[in-house]
$ cat protein_10.cif   # mmCIF, C-alpha atoms
data_run
loop_
_atom_site.label_atom_id
_atom_site.label_comp_id
_atom_site.auth_asym_id
_atom_site.auth_seq_id
_atom_site.Cartn_x
_atom_site.Cartn_y
_atom_site.Cartn_z
CA THR A 1 69.39 24.96 -26.60
CA ARG A 2 71.35 21.87 -27.68
CA HIS A 3 73.63 21.93 -24.63
CA PHE A 4 70.74 22.31 -22.21
CA GLU A 5 68.85 19.49 -23.93
CA SER A 6 71.89 17.27 -23.35
CA VAL A 7 71.75 18.13 -19.64
CA LEU A 8 68.17 16.82 -19.54
CA SER A 9 69.22 13.51 -21.06
CA GLU A 10 72.32 13.01 -18.89
CA ASP A 11 72.71 12.27 -15.18
CA PHE A 12 73.06 15.89 -13.98
CA ASP A 13 70.02 15.88 -11.72
CA ASP A 14 70.55 19.19 -9.91
CA PHE A 15 70.81 21.04 -13.24
CA LYS A 16 67.75 19.49 -14.88
CA PRO A 17 65.05 21.88 -13.53
CA PRO A 18 66.86 25.09 -14.64
CA ALA A 19 67.90 23.47 -17.93
CA ALA A 20 64.27 22.57 -18.76
CA PHE A 21 63.16 26.10 -17.79
CA TYR A 22 65.80 27.76 -19.99
CA VAL A 23 64.96 25.56 -22.99
CA ALA A 24 61.26 26.44 -22.55
CA GLN A 25 62.08 30.16 -22.60
CA CYS A 26 64.16 29.74 -25.77
CA TYR A 27 61.35 27.83 -27.47
CA MET A 28 58.84 30.53 -26.53
CA ARG A 29 61.02 33.28 -28.01
CA THR A 30 61.29 31.39 -31.30
CA GLY A 31 57.53 30.75 -31.50
CA TYR A 32 57.75 27.01 -30.84
CA MET A 33 54.84 26.99 -28.39
CA ALA A 34 54.29 23.20 -28.33
CA GLY A 35 57.88 22.67 -27.22
CA ALA A 36 57.73 25.58 -24.76
CA THR A 37 54.68 24.31 -22.89
CA ALA A 38 56.10 20.76 -22.76
CA LYS A 39 59.41 21.98 -21.32
CA PHE A 40 57.72 24.34 -18.84
CA ALA A 41 55.65 21.37 -17.66
CA ARG A 42 58.77 19.28 -17.25
CA ALA A 43 60.55 22.11 -15.39
CA ARG A 44 57.55 22.41 -13.07
CA ASP A 45 57.43 18.69 -12.34
CA LEU A 46 61.19 18.42 -11.80
CA GLY A 47 61.21 21.55 -9.64
CA GLU A 48 58.45 20.20 -7.42
CA GLN A 49 60.13 16.81 -7.14
CA TYR A 50 63.63 18.12 -6.36
CA SER A 51 62.53 20.88 -3.97
CA ASN A 52 60.92 18.21 -1.74
CA ASP A 53 63.87 15.80 -1.93
CA LYS A 54 65.57 15.91 1.48
CA GLU A 55 68.64 14.08 0.15
CA ARG A 56 69.60 17.07 -2.02
CA SER A 57 71.52 20.08 -0.79
CA ALA A 58 69.68 23.11 0.57
CA GLU A 59 70.94 25.20 -2.36
CA ALA A 60 69.68 22.65 -4.93
CA ARG A 61 66.27 22.49 -3.22
CA GLN A 62 66.05 26.30 -3.20
CA VAL A 63 66.84 26.56 -6.93
CA ALA A 64 64.36 23.80 -7.70
CA GLY A 65 61.69 25.63 -5.70
CA GLN A 66 62.30 28.82 -7.68
CA ILE A 67 62.07 26.92 -10.95
CA PHE A 68 58.80 25.33 -9.79
CA GLU A 69 57.29 28.76 -9.05
CA GLY A 70 58.50 30.27 -12.35
CA ALA A 71 57.28 27.36 -14.46
CA SER A 72 53.92 27.28 -12.68
CA LYS A 73 53.48 30.98 -13.39
CA ALA A 74 54.35 30.50 -17.08
CA LEU A 75 51.84 27.65 -17.38
CA ALA A 76 49.03 29.42 -15.51
CA PRO A 77 47.33 30.73 -18.71
CA PHE A 78 47.14 27.14 -20.04
CA ASP A 79 46.10 25.46 -16.78
CA LYS A 80 42.37 26.15 -16.98
CA SER A 81 39.21 24.74 -18.47
CA THR A 82 37.57 26.70 -21.29
CA LEU A 83 34.41 26.88 -23.34
CA PHE A 84 34.77 27.29 -27.09
CA GLY A 85 32.53 27.75 -30.08
CA ASN A 86 32.38 28.73 -33.72
CA LEU A 87 29.99 29.82 -36.45
CA ALA A 88 30.78 29.78 -40.18
CA LEU A 89 29.01 30.44 -43.47
CA MET A 90 30.35 29.33 -46.87
CA SER A 91 28.59 30.10 -50.16
CA GLY A 92 29.55 29.29 -53.71
CA TYR A 93 28.94 27.20 -56.81
CA ASP A 94 29.09 23.41 -57.22
CA THR A 95 29.16 21.88 -60.70
CA ASN A 96 28.24 18.38 -59.49
CA VAL A 97 26.41 18.28 -56.17
CA LEU A 98 27.13 15.30 -53.91
CA SER A 99 24.08 13.13 -53.36
CA LEU A 100 25.32 11.87 -49.97
CA PRO A 101 26.21 13.84 -46.83
CA PRO A 102 29.82 14.17 -45.56
CA THR A 103 29.16 11.59 -42.82
CA VAL A 104 28.67 8.81 -45.40
CA VAL A 105 31.90 7.72 -47.05
CA ASP A 106 31.37 7.31 -50.80
CA PRO A 107 33.58 9.64 -52.82
CA VAL A 108 31.94 8.92 -56.16
CA GLN A 109 28.23 9.33 -55.51
CA THR A 110 27.22 12.57 -57.20
CA SER A 111 23.89 13.89 -58.45
CA GLY A 112 25.00 15.36 -61.78
CA LYS A 113 23.24 18.63 -60.83
CA LYS A 114 24.79 22.11 -60.78
CA SER A 115 23.80 24.56 -58.09
CA MET A 116 24.61 27.63 -56.08
CA THR A 117 25.17 26.33 -52.55
CA SER A 118 25.45 27.57 -48.97
CA THR A 119 26.79 25.69 -45.99
CA VAL A 120 26.27 26.85 -42.42
CA MET A 121 28.43 25.28 -39.70
CA TRP A 122 28.30 25.85 -35.98
CA GLY A 123 29.70 24.23 -32.89
CA ALA A 124 30.38 24.49 -29.19
CA GLY A 125 32.38 22.53 -26.68
CA TYR A 126 34.20 22.39 -23.38
CA MET A 127 37.88 21.64 -22.86
CA THR A 128 39.33 20.74 -19.49
CA SER A 129 42.85 21.87 -18.62
CA PRO A 130 45.52 20.40 -20.93
CA MET A 131 47.93 20.43 -17.98
CA LYS A 132 46.11 17.60 -16.22
CA PHE A 133 47.02 13.96 -16.70
CA VAL A 134 43.76 13.38 -18.60
CA GLN A 135 41.96 16.01 -20.66
CA LEU A 136 38.28 15.74 -21.64
CA VAL A 137 36.91 17.53 -24.72
CA PRO A 138 33.16 17.07 -25.27
CA SER A 139 31.68 19.01 -28.18
CA TYR A 140 28.70 19.47 -30.48
CA ARG A 141 28.85 20.41 -34.18
CA GLY A 142 26.06 21.15 -36.60
CA MET A 143 25.96 21.67 -40.35
CA LEU A 144 23.30 22.61 -42.89
CA ILE A 145 23.98 22.12 -46.61
CA TYR A 146 21.55 23.97 -48.88
CA ASN A 147 21.41 23.82 -52.70
CA PHE A 148 19.44 26.59 -54.42
CA ASN A 149 18.79 24.60 -57.58
CA LYS A 150 15.36 23.03 -57.08
CA ASP A 151 16.43 19.91 -58.97
CA ALA A 152 19.27 19.39 -56.48
CA GLN A 153 17.42 20.06 -53.25
CA SER A 154 17.15 16.37 -52.39
CA ALA A 155 20.88 16.77 -51.64
CA ASN A 156 20.15 19.27 -48.85
CA PHE A 157 21.32 17.82 -45.52
CA PHE A 158 21.13 18.78 -41.88
CA ASN A 159 23.72 17.12 -39.70
CA ASN A 160 24.22 16.99 -35.91
CA MET A 161 27.36 15.53 -34.32
CA VAL A 162 28.35 15.03 -30.69
CA SER A 163 31.81 13.81 -29.73
CA LEU A 164 34.07 13.15 -26.77
CA PHE A 165 37.86 13.07 -26.87
CA ILE A 166 39.82 11.73 -23.90
CA ASN A 167 43.49 12.75 -24.15
CA ARG A 168 46.40 11.66 -21.99
CA LYS A 169 48.75 14.63 -21.35
CA PRO A 170 48.01 16.43 -24.65
CA LEU A 171 50.97 18.82 -24.28
CA GLU A 172 53.54 16.04 -23.92
CA PRO A 173 55.66 15.02 -26.96
CA LEU A 174 53.81 11.68 -26.87
CA SER A 175 50.09 11.91 -26.23
CA TYR A 176 47.27 9.50 -26.97
CA GLY A 177 43.67 8.80 -26.13
CA ILE A 178 40.32 7.57 -27.34
CA LYS A 179 37.49 9.27 -29.19
CA GLY A 180 33.79 8.64 -29.64
CA GLU A 181 31.28 10.32 -31.95
CA ALA A 182 27.63 10.10 -32.97
CA ALA A 183 26.45 11.78 -36.18
CA HIS A 184 22.77 11.99 -37.06
CA THR A 185 21.82 13.29 -40.51
CA PHE A 186 18.52 14.47 -41.98
CA GLN A 187 17.88 14.65 -45.74
CA ASN A 188 15.46 16.92 -47.56
CA ASP A 189 12.91 14.38 -48.81
CA ILE A 190 11.09 15.73 -51.90
CA ASP A 191 7.46 14.73 -52.39
CA PRO A 192 7.12 13.72 -56.07
CA ASP A 193 3.57 15.12 -56.27
CA THR A 194 3.84 18.46 -54.45
CA LYS A 195 7.59 18.95 -55.09
CA LYS A 196 7.89 20.16 -51.51
CA GLY A 197 10.66 18.94 -49.25
CA THR A 198 10.63 17.77 -45.66
CA PHE A 199 13.72 16.92 -43.64
CA ARG A 200 13.56 13.28 -42.57
CA PRO A 201 16.15 11.00 -40.89
CA PHE A 202 18.74 9.75 -43.35
CA SER A 203 21.55 8.08 -41.38
CA LEU A 204 23.05 7.52 -37.96
CA VAL A 205 26.80 6.89 -37.66
CA LEU A 206 28.41 5.82 -34.37
CA SER A 207 32.20 5.71 -34.23
CA THR A 208 34.99 5.14 -31.72
CA GLY A 209 38.70 4.38 -31.68
CA PRO A 210 42.15 5.28 -30.36
CA PHE A 211 44.46 8.02 -31.58
CA LEU A 212 48.09 8.97 -31.00
CA LYS A 213 50.31 11.99 -31.63
CA TRP A 214 54.08 11.79 -31.25
CA GLU A 215 56.63 14.54 -31.78
CA ILE A 216 59.50 12.46 -33.13
CA ILE A 217 61.94 15.36 -33.39
CA GLN A 218 61.40 19.08 -32.99
CA ARG A 219 58.35 20.17 -35.02
CA LEU A 220 58.00 16.79 -36.78
CA TYR A 221 54.82 14.97 -35.70
CA LEU A 222 53.61 11.43 -36.36
CA GLY A 223 49.91 10.73 -36.00
CA PHE A 224 47.92 7.52 -35.94
CA GLU A 225 44.22 6.76 -35.54
CA PHE A 226 41.95 3.78 -35.92
CA THR A 227 38.18 4.18 -36.15
CA TYR A 228 35.36 1.66 -35.97
CA LEU A 229 32.09 2.94 -37.44
CA LYS A 230 28.58 1.54 -37.29
CA THR A 231 26.15 3.01 -39.83
CA LYS A 232 22.37 2.81 -39.99
CA ASN A 233 20.82 4.09 -43.20
CA TYR A 234 17.15 4.78 -42.61
CA LYS A 235 16.32 4.54 -46.32
CA ASP A 236 17.64 1.02 -46.75
CA ALA A 237 15.22 -1.56 -48.08
CA PRO A 238 14.61 -4.62 -45.85
CA THR A 239 16.62 -6.75 -48.29
CA GLY A 240 18.76 -6.21 -51.36
CA GLU A 241 22.33 -5.55 -52.41
CA ALA A 242 22.02 -1.74 -52.41
CA ARG A 243 21.75 -1.45 -48.59
CA LYS A 244 24.31 1.01 -47.16
CA SER A 245 24.00 0.17 -43.46
CA GLY A 246 26.87 -1.79 -41.99
CA THR A 247 30.28 -1.45 -40.38
CA GLN A 248 33.46 0.28 -41.45
CA TYR A 249 37.06 0.20 -40.26
CA THR A 250 39.48 3.03 -41.04
CA THR A 251 43.17 3.40 -40.28
CA LYS A 252 45.12 6.60 -40.84
CA MET A 253 48.75 7.56 -40.38
CA SER A 254 50.00 11.12 -40.84
CA VAL A 255 53.24 13.05 -40.76
CA THR A 256 53.27 16.81 -40.16
CA TRP A 257 56.33 19.04 -40.38
CA ASP A 258 55.42 22.23 -38.55
CA ARG A 259 58.39 24.29 -39.67
CA VAL A 260 56.41 27.52 -40.09
CA SER A 261 58.63 28.46 -43.01
CA ASN A 262 57.66 30.80 -45.81
CA VAL A 263 56.96 28.06 -48.36
CA PHE A 264 57.00 24.56 -46.89
CA ASN A 265 54.84 23.33 -44.00
CA PRO A 266 53.72 19.92 -45.26
CA ASN A 267 51.27 17.33 -44.01
CA LEU A 268 51.07 13.83 -45.47
CA ALA A 269 48.41 11.28 -44.53
CA ILE A 270 47.82 7.73 -45.73
CA GLY A 271 44.58 5.96 -44.93
CA TYR A 272 43.07 2.54 -45.52
CA ASP A 273 39.44 1.64 -44.96
CA ILE A 274 37.22 -1.42 -45.21
CA ASN A 275 33.50 -0.86 -45.67
CA ARG A 276 31.27 -3.87 -44.92
CA THR A 277 27.79 -2.79 -45.93
CA LEU A 278 24.83 -5.13 -45.68
CA GLY A 279 24.45 -4.94 -49.45
CA THR A 280 27.32 -6.24 -51.57
CA GLU A 281 27.12 -3.25 -53.96
CA GLY A 282 28.72 -0.93 -51.39
CA ARG A 283 31.29 -3.28 -49.89
CA SER A 284 34.64 -1.72 -50.59
CA ARG A 285 38.30 -1.39 -49.74
CA GLY A 286 39.98 1.96 -50.15
CA LEU A 287 43.46 3.44 -50.03
CA GLY A 288 43.78 7.19 -49.72
CA LEU A 289 46.66 9.66 -49.90
CA ASP A 290 46.31 13.26 -48.73
CA PHE A 291 49.03 15.88 -49.09
CA GLY A 292 48.74 19.46 -47.90
CA ASN A 293 51.07 22.42 -47.61
CA MET A 294 50.35 25.62 -45.70
CA ILE A 295 52.06 28.77 -47.00
CA PRO A 296 51.99 31.82 -44.68
CA LEU A 297 51.87 34.72 -47.16
CA SER A 298 51.75 37.26 -44.33
CA GLN A 299 50.94 37.40 -40.63
CA LYS A 300 47.22 37.38 -41.45
CA LEU A 301 47.02 35.66 -44.84
CA ARG A 302 47.62 31.94 -45.38
CA LEU A 303 47.22 29.68 -48.37
CA THR A 304 46.76 25.91 -48.04
CA LEU A 305 47.28 23.74 -51.12
CA GLY A 306 46.08 20.14 -51.18
CA LEU A 307 46.20 16.98 -53.25
CA ASN A 308 43.96 13.95 -52.56
CA VAL A 309 44.15 10.56 -54.28
CA ASP A 310 41.68 7.76 -53.51
CA LEU A 311 41.74 4.23 -54.91
CA VAL A 312 38.55 2.32 -54.09
CA SER A 313 37.54 -1.18 -55.18
CA TYR A 314 34.17 -2.92 -54.92
CA PRO A 315 35.12 -6.60 -55.46
CA GLU A 316 31.76 -8.08 -54.41
CA ARG A 317 29.60 -5.92 -56.64
CA SER A 318 27.28 -7.84 -58.96
CA PRO A 319 27.15 -8.49 -61.88
CA GLU A 320 30.69 -7.08 -62.19
CA ALA A 321 33.32 -5.73 -59.80
CA ARG A 322 34.08 -2.03 -59.82
CA SER A 323 37.15 0.11 -59.14
CA ASP A 324 37.47 3.88 -58.95
CA LYS A 325 40.35 6.36 -58.96
CA THR A 326 39.65 9.85 -57.65
CA VAL A 327 42.11 12.73 -57.81
CA ALA A 328 41.34 16.14 -56.30
CA VAL A 329 43.33 19.36 -55.97
CA ASN A 330 42.34 22.36 -53.92
CA ALA A 331 43.50 25.79 -52.83
CA ALA A 332 42.12 27.38 -49.66
CA PRO A 333 43.17 30.90 -48.62
CA THR A 334 42.30 32.27 -45.16
CA TYR A 335 42.62 35.84 -43.93
CA ARG A 336 42.38 36.78 -40.26
CA LEU A 337 40.24 39.90 -40.35
CA ALA A 338 40.10 40.29 -36.56
CA LYS A 339 41.07 38.28 -33.51
CA ASN A 340 38.03 35.99 -33.77
CA VAL A 341 36.98 36.56 -37.40
CA THR A 342 38.45 34.76 -40.42
CA ILE A 343 37.61 35.19 -44.11
CA MET A 344 37.88 31.90 -46.02
CA GLY A 345 37.78 30.68 -49.58
CA THR A 346 38.25 27.42 -51.46
CA VAL A 347 38.65 26.22 -55.04
CA ARG A 348 38.50 22.47 -55.56
CA TYR A 349 38.60 20.28 -58.64
CA ALA A 350 37.90 16.54 -58.47
CA LEU A 351 38.13 13.93 -61.20
CA ASN A 352 36.89 10.34 -60.88
CA ARG A 353 37.55 7.55 -63.33
CA SER A 354 35.72 4.27 -62.83
CA SER A 355 35.89 0.83 -64.41
CA ILE A 356 32.15 1.36 -65.02
CA ALA A 357 32.62 4.67 -66.79
CA ALA A 358 29.07 5.37 -67.93
CA ALA A 359 27.68 5.27 -64.40
CA TYR A 360 30.48 6.59 -62.22
CA ASN A 361 32.90 8.83 -64.16
CA TYR A 362 32.58 12.47 -63.17
CA ASN A 363 34.26 15.86 -62.91
CA ARG A 364 33.46 18.31 -60.13
CA VAL A 365 34.43 21.92 -59.44
CA VAL A 366 33.54 23.73 -56.23
CA VAL A 367 34.24 27.42 -55.67
CA SER A 368 33.16 29.05 -52.41
CA MET A 369 33.97 31.76 -49.93
CA GLY A 370 32.72 32.82 -46.54
CA ALA A 371 33.60 33.81 -43.00
CA ALA A 372 34.03 32.15 -39.61
CA LEU A 373 33.59 33.51 -36.11
CA SER A 374 35.29 31.72 -33.21
CA PHE A 375 35.07 32.35 -29.48
#

$ encode --input "protein_10.cif" --output "structure tokens"
Amino acid sequence: TRHFESVLSEDFDDFKPPAAFYVAQCYMRTGYMAGATAKFARARDLGEQYSNDKERSAEARQVAGQIFEGASKALAPFDKSTLFGNLALMSGYDTNVLSLPPTVVDPVQTSGKKSMTSTVMWGAGYMTSPMKFVQLVPSYRGMLIYNFNKDAQSANFFNNMVSLFINRKPLEPLSYGIKGEAAHTFQNDIDPDTKKGTFRPFSLVLSTGPFLKWEIIQRLYLGFEFTYLKTKNYKDAPTGEARKSGTQYTTKMSVTWDRVSNVFNPNLAIGYDINRTLGTEGRSRGLGLDFGNMIPLSQKLRLTLGLNVDLVSYPERSPEARSDKTVAVNAAPTYRLAKNVTIMGTVRYALNRSSIAAAYNYNRVVVSMGAALSF
């Protein structure tokens, strides 16, 4: 494909439509679907442009017209809007249940309780054609976290999230857009007298920001996103330094090498966030490093290994500042049982060491397995 790629970058106009079409076919045969769809789209656009150019020869216009028809036919399965959805159940054991839901960023707030747990996740959405200049992807996701240990049931959460992604040419090597999301969470509020729980509003998080994905070279992707979040914690006191409501700014850059090799398909992400809560106790700055590697053990079985490191400081905390270092490792196998059914598992170990050891040091092990249905 190298010679045909050079044709696309040089001034050989009449040869560009067939060159793009041939490169797309080569990419498709080698399983490089992102490159194939991008080159088919370019062949289609060039074919349409050149076939209508009266200054070109009749033979060049005819070839361009044939390329336009062939590329349009190849892209037809992608050029449509679709509905999608999923349902998943994960069950397992947690040695240190989190006392905050996933929508609230605080990696070191745990309950100290052990429990058998179950998490149910579901979602649905609509995706307009990725072949259009702008693609819209509205969706809804729900999640229920249930702990069977009665002493840990105040950490049961019910979360609803709606989001909208607006993407510019998502199949192009360089695509970007803007996202918006609203996440509303209920917590199981335990009555101290009756010991019975009732789900009541816990938090509302609104977020928005731009994102970008750029294929620098073949199969090597650079990602960037910035997110502004506004959080309302319904359990905040009117005053005080423990209030968690406020604003947060997060920046994340990632590099993904989608080689689809037998041992090395890495993803590296670096993130930095600033959390400006109303109370000084939660005001923080954090630097995070995430590394993952997907290993395809067979056509149906995959194993993803991960390492996460978070460094978080709370410089305005009174009476003394606080800093935390969290390291987590995980292994997550998946097995495709059928076209739309996947069996999943995860083993995760997390260790946090804090400058205020007595209150915030912890170890946590989570082991779970389950299944997901997608449609």

$ residues_around --input "protein_10.cif" --residues "segment 155-161 of chain A" --least-positions-apart "5" --cutoff "9 Å" --atoms "all atoms listed in the file" --output "MDAnalysis selection string"
chainID A and resid 97:103 111 139:147 181:189 199 202

$ resolve_selection --input "protein_10.cif" --expression "the PyMOL selection byres ((chain A and resi 324) around 7)" --output "short mmCIF file (atom, residue, chain, number, x, y, z; two decimals) with C-alpha atoms, keeping the file's coordinate frame"
data_model
loop_
_atom_site.label_atom_id
_atom_site.label_comp_id
_atom_site.auth_asym_id
_atom_site.auth_seq_id
_atom_site.Cartn_x
_atom_site.Cartn_y
_atom_site.Cartn_z
CA LEU A 311 41.74 4.23 -54.91
CA VAL A 312 38.55 2.32 -54.09
CA SER A 313 37.54 -1.18 -55.18
CA ARG A 322 34.08 -2.03 -59.82
CA SER A 323 37.15 0.11 -59.14
CA LYS A 325 40.35 6.36 -58.96
CA THR A 326 39.65 9.85 -57.65
CA ASN A 352 36.89 10.34 -60.88
CA ARG A 353 37.55 7.55 -63.33
CA SER A 354 35.72 4.27 -62.83
CA SER A 355 35.89 0.83 -64.41
#

$ resolve_selection --input "protein_10.cif" --expression "the PyMOL selection byres ((chain A and resi 65) around 10)" --output "PyMOL selection string"
chain A and resi 17+44+46-52+59-64+66-71

$ resolve_selection --input "protein_10.cif" --expression "the PyMOL selection byres ((chain A and resi 93) around 7)" --output "PDB file with C-alpha atoms, in the coordinates of the input"
ATOM      1  CA  GLY A  92      29.550  29.290 -53.710  1.00  0.00           C
ATOM      2  CA  ASP A  94      29.090  23.410 -57.220  1.00  0.00           C
ATOM      3  CA  THR A  95      29.160  21.880 -60.700  1.00  0.00           C
ATOM      4  CA  SER A 115      23.800  24.560 -58.090  1.00  0.00           C
ATOM      5  CA  MET A 116      24.610  27.630 -56.080  1.00  0.00           C
ATOM      6  CA  THR A 117      25.170  26.330 -52.550  1.00  0.00           C
ATOM      7  CA  VAL A 366      33.540  23.730 -56.230  1.00  0.00           C
ATOM      8  CA  VAL A 367      34.240  27.420 -55.670  1.00  0.00           C
ATOM      9  CA  SER A 368      33.160  29.050 -52.410  1.00  0.00           C
TER      10      SER A 368
END

$ closest_residue --input "protein_10.cif" --among "A:Ser81, A:Asn363, A:Thr280, A:Thr198" --to "Val137 of chain A" --atoms "only C-alpha atoms"
A:Ser81

$ atom_distance --input "protein_10.cif" --atom1 "atom CA of Gln25 of chain A" --atom2 "atom CA of Thr37 of chain A"
9.4 Å

$ closest_residue --input "protein_10.cif" --among "A:Arg243, A:Arg348, A:Arg219, A:Arg285" --to "Arg259 of chain A" --atoms "only C-alpha atoms"
A:Arg219

$ axis_aligned_box --input "protein_10.cif" --around "segment 217-226 of chain A" --padding-each-side "6 Å" --output "AutoDock Vina command-line options"
--center_x 51.9 --center_y 12.0 --center_z -34.9 --size_x 32.0 --size_y 28.4 --size_z 15.8

$ atom_distance --input "protein_10.cif" --atom1 "atom CA of Tyr272 of chain A" --atom2 "atom CA of Ser254 of chain A"
12.0 Å

$ closest_residue --input "protein_10.cif" --among "A:Val327, A:Val255, A:Leu89, A:Pro315" --to "Arg364 of chain A" --atoms "all atoms listed in the file"
A:Val327

$ residues_around --input "protein_10.cif" --residues "Arg302 of chain A" --least-positions-apart "2" --cutoff "9 Å" --atoms "all atoms listed in the file" --output "count of residues only"
13

$ atom_distance --input "protein_10.cif" --atom1 "atom CA of Leu287 of chain A" --atom2 "atom CA of Tyr234 of chain A"
27.4 Å

$ residues_near_point --input "protein_10.cif" --point "(30.3, 1.6, -51.7)" --cutoff "10 Å" --atoms "only C-alpha atoms" --output "list of chain:residue names"
A:Val104, A:Val105, A:Asp106, A:Pro107, A:Val108, A:Gln109, A:Ala242, A:Arg243, A:Lys244, A:Ile274, A:Asn275, A:Arg276, A:Thr277, A:Gly279, A:Thr280, A:Glu281, A:Gly282, A:Arg283, A:Ser284, A:Arg285, A:Gly286, A:Val312, A:Ser313, A:Tyr314, A:Arg317, A:Arg322

$ closest_residue --input "protein_10.cif" --among "A:Phe84, A:Phe15, A:Phe211, A:Trp257" --to "Phe224 of chain A" --atoms "all atoms listed in the file"
A:Phe211

$ decode --input "protein_10.cif" --residues "segment 242-279 of chain A" --atoms "C-alpha atoms" --output "PDB file, in the first residue's frame"
ATOM      1  CA  ALA A 242     -16.792  19.322  54.476  1.00  0.00           C
ATOM      2  CA  ARG A 243     -19.118  20.443  51.645  1.00  0.00           C
ATOM      3  CA  LYS A 244     -18.508  18.469  48.423  1.00  0.00           C
ATOM      4  CA  SER A 245     -20.509  20.602  45.983  1.00  0.00           C
ATOM      5  CA  GLY A 246     -18.461  22.720  43.627  1.00  0.00           C
ATOM      6  CA  THR A 247     -16.677  22.717  40.285  1.00  0.00           C
ATOM      7  CA  GLN A 248     -14.043  20.467  38.786  1.00  0.00           C
ATOM      8  CA  TYR A 249     -11.774  20.689  35.753  1.00  0.00           C
ATOM      9  CA  THR A 250     -10.204  17.581  34.220  1.00  0.00           C
ATOM     10  CA  THR A 251      -7.755  17.213  31.349  1.00  0.00           C
ATOM     11  CA  LYS A 252      -6.773  13.888  29.843  1.00  0.00           C
ATOM     12  CA  MET A 253      -4.377  12.869  27.090  1.00  0.00           C
ATOM     13  CA  SER A 254      -4.109   9.298  25.824  1.00  0.00           C
ATOM     14  CA  VAL A 255      -2.086   7.266  23.365  1.00  0.00           C
ATOM     15  CA  THR A 256      -3.420   3.986  21.964  1.00  0.00           C
ATOM     16  CA  TRP A 257      -1.458   1.592  19.772  1.00  0.00           C
ATOM     17  CA  ASP A 258      -4.043  -0.641  18.133  1.00  0.00           C
ATOM     18  CA  ARG A 259      -1.632  -3.200  16.716  1.00  0.00           C
ATOM     19  CA  VAL A 260      -3.886  -6.197  17.424  1.00  0.00           C
ATOM     20  CA  SER A 261      -0.805  -8.297  18.106  1.00  0.00           C
ATOM     21  CA  ASN A 262      -0.725 -11.395  20.261  1.00  0.00           C
ATOM     22  CA  VAL A 263       0.827  -9.708  23.293  1.00  0.00           C
ATOM     23  CA  PHE A 264       1.033  -5.935  23.000  1.00  0.00           C
ATOM     24  CA  ASN A 265      -1.898  -3.574  22.377  1.00  0.00           C
ATOM     25  CA  PRO A 266      -1.186  -0.770  24.847  1.00  0.00           C
ATOM     26  CA  ASN A 267      -3.103   2.281  25.975  1.00  0.00           C
ATOM     27  CA  LEU A 268      -1.523   5.031  28.073  1.00  0.00           C
ATOM     28  CA  ALA A 269      -3.454   7.951  29.560  1.00  0.00           C
ATOM     29  CA  ILE A 270      -2.313  10.869  31.699  1.00  0.00           C
ATOM     30  CA  GLY A 271      -4.849  13.055  33.450  1.00  0.00           C
ATOM     31  CA  TYR A 272      -4.801  16.148  35.635  1.00  0.00           C
ATOM     32  CA  ASP A 273      -7.760  17.467  37.584  1.00  0.00           C
ATOM     33  CA  ILE A 274      -8.557  20.403  39.845  1.00  0.00           C
ATOM     34  CA  ASN A 275     -11.445  20.016  42.274  1.00  0.00           C
ATOM     35  CA  ARG A 276     -12.802  23.255  43.759  1.00  0.00           C
ATOM     36  CA  THR A 277     -15.343  22.162  46.345  1.00  0.00           C
ATOM     37  CA  LEU A 278     -17.204  24.662  48.487  1.00  0.00           C
ATOM     38  CA  GLY A 279     -15.550  23.172  51.551  1.00  0.00           C
TER      39      GLY A 279
END
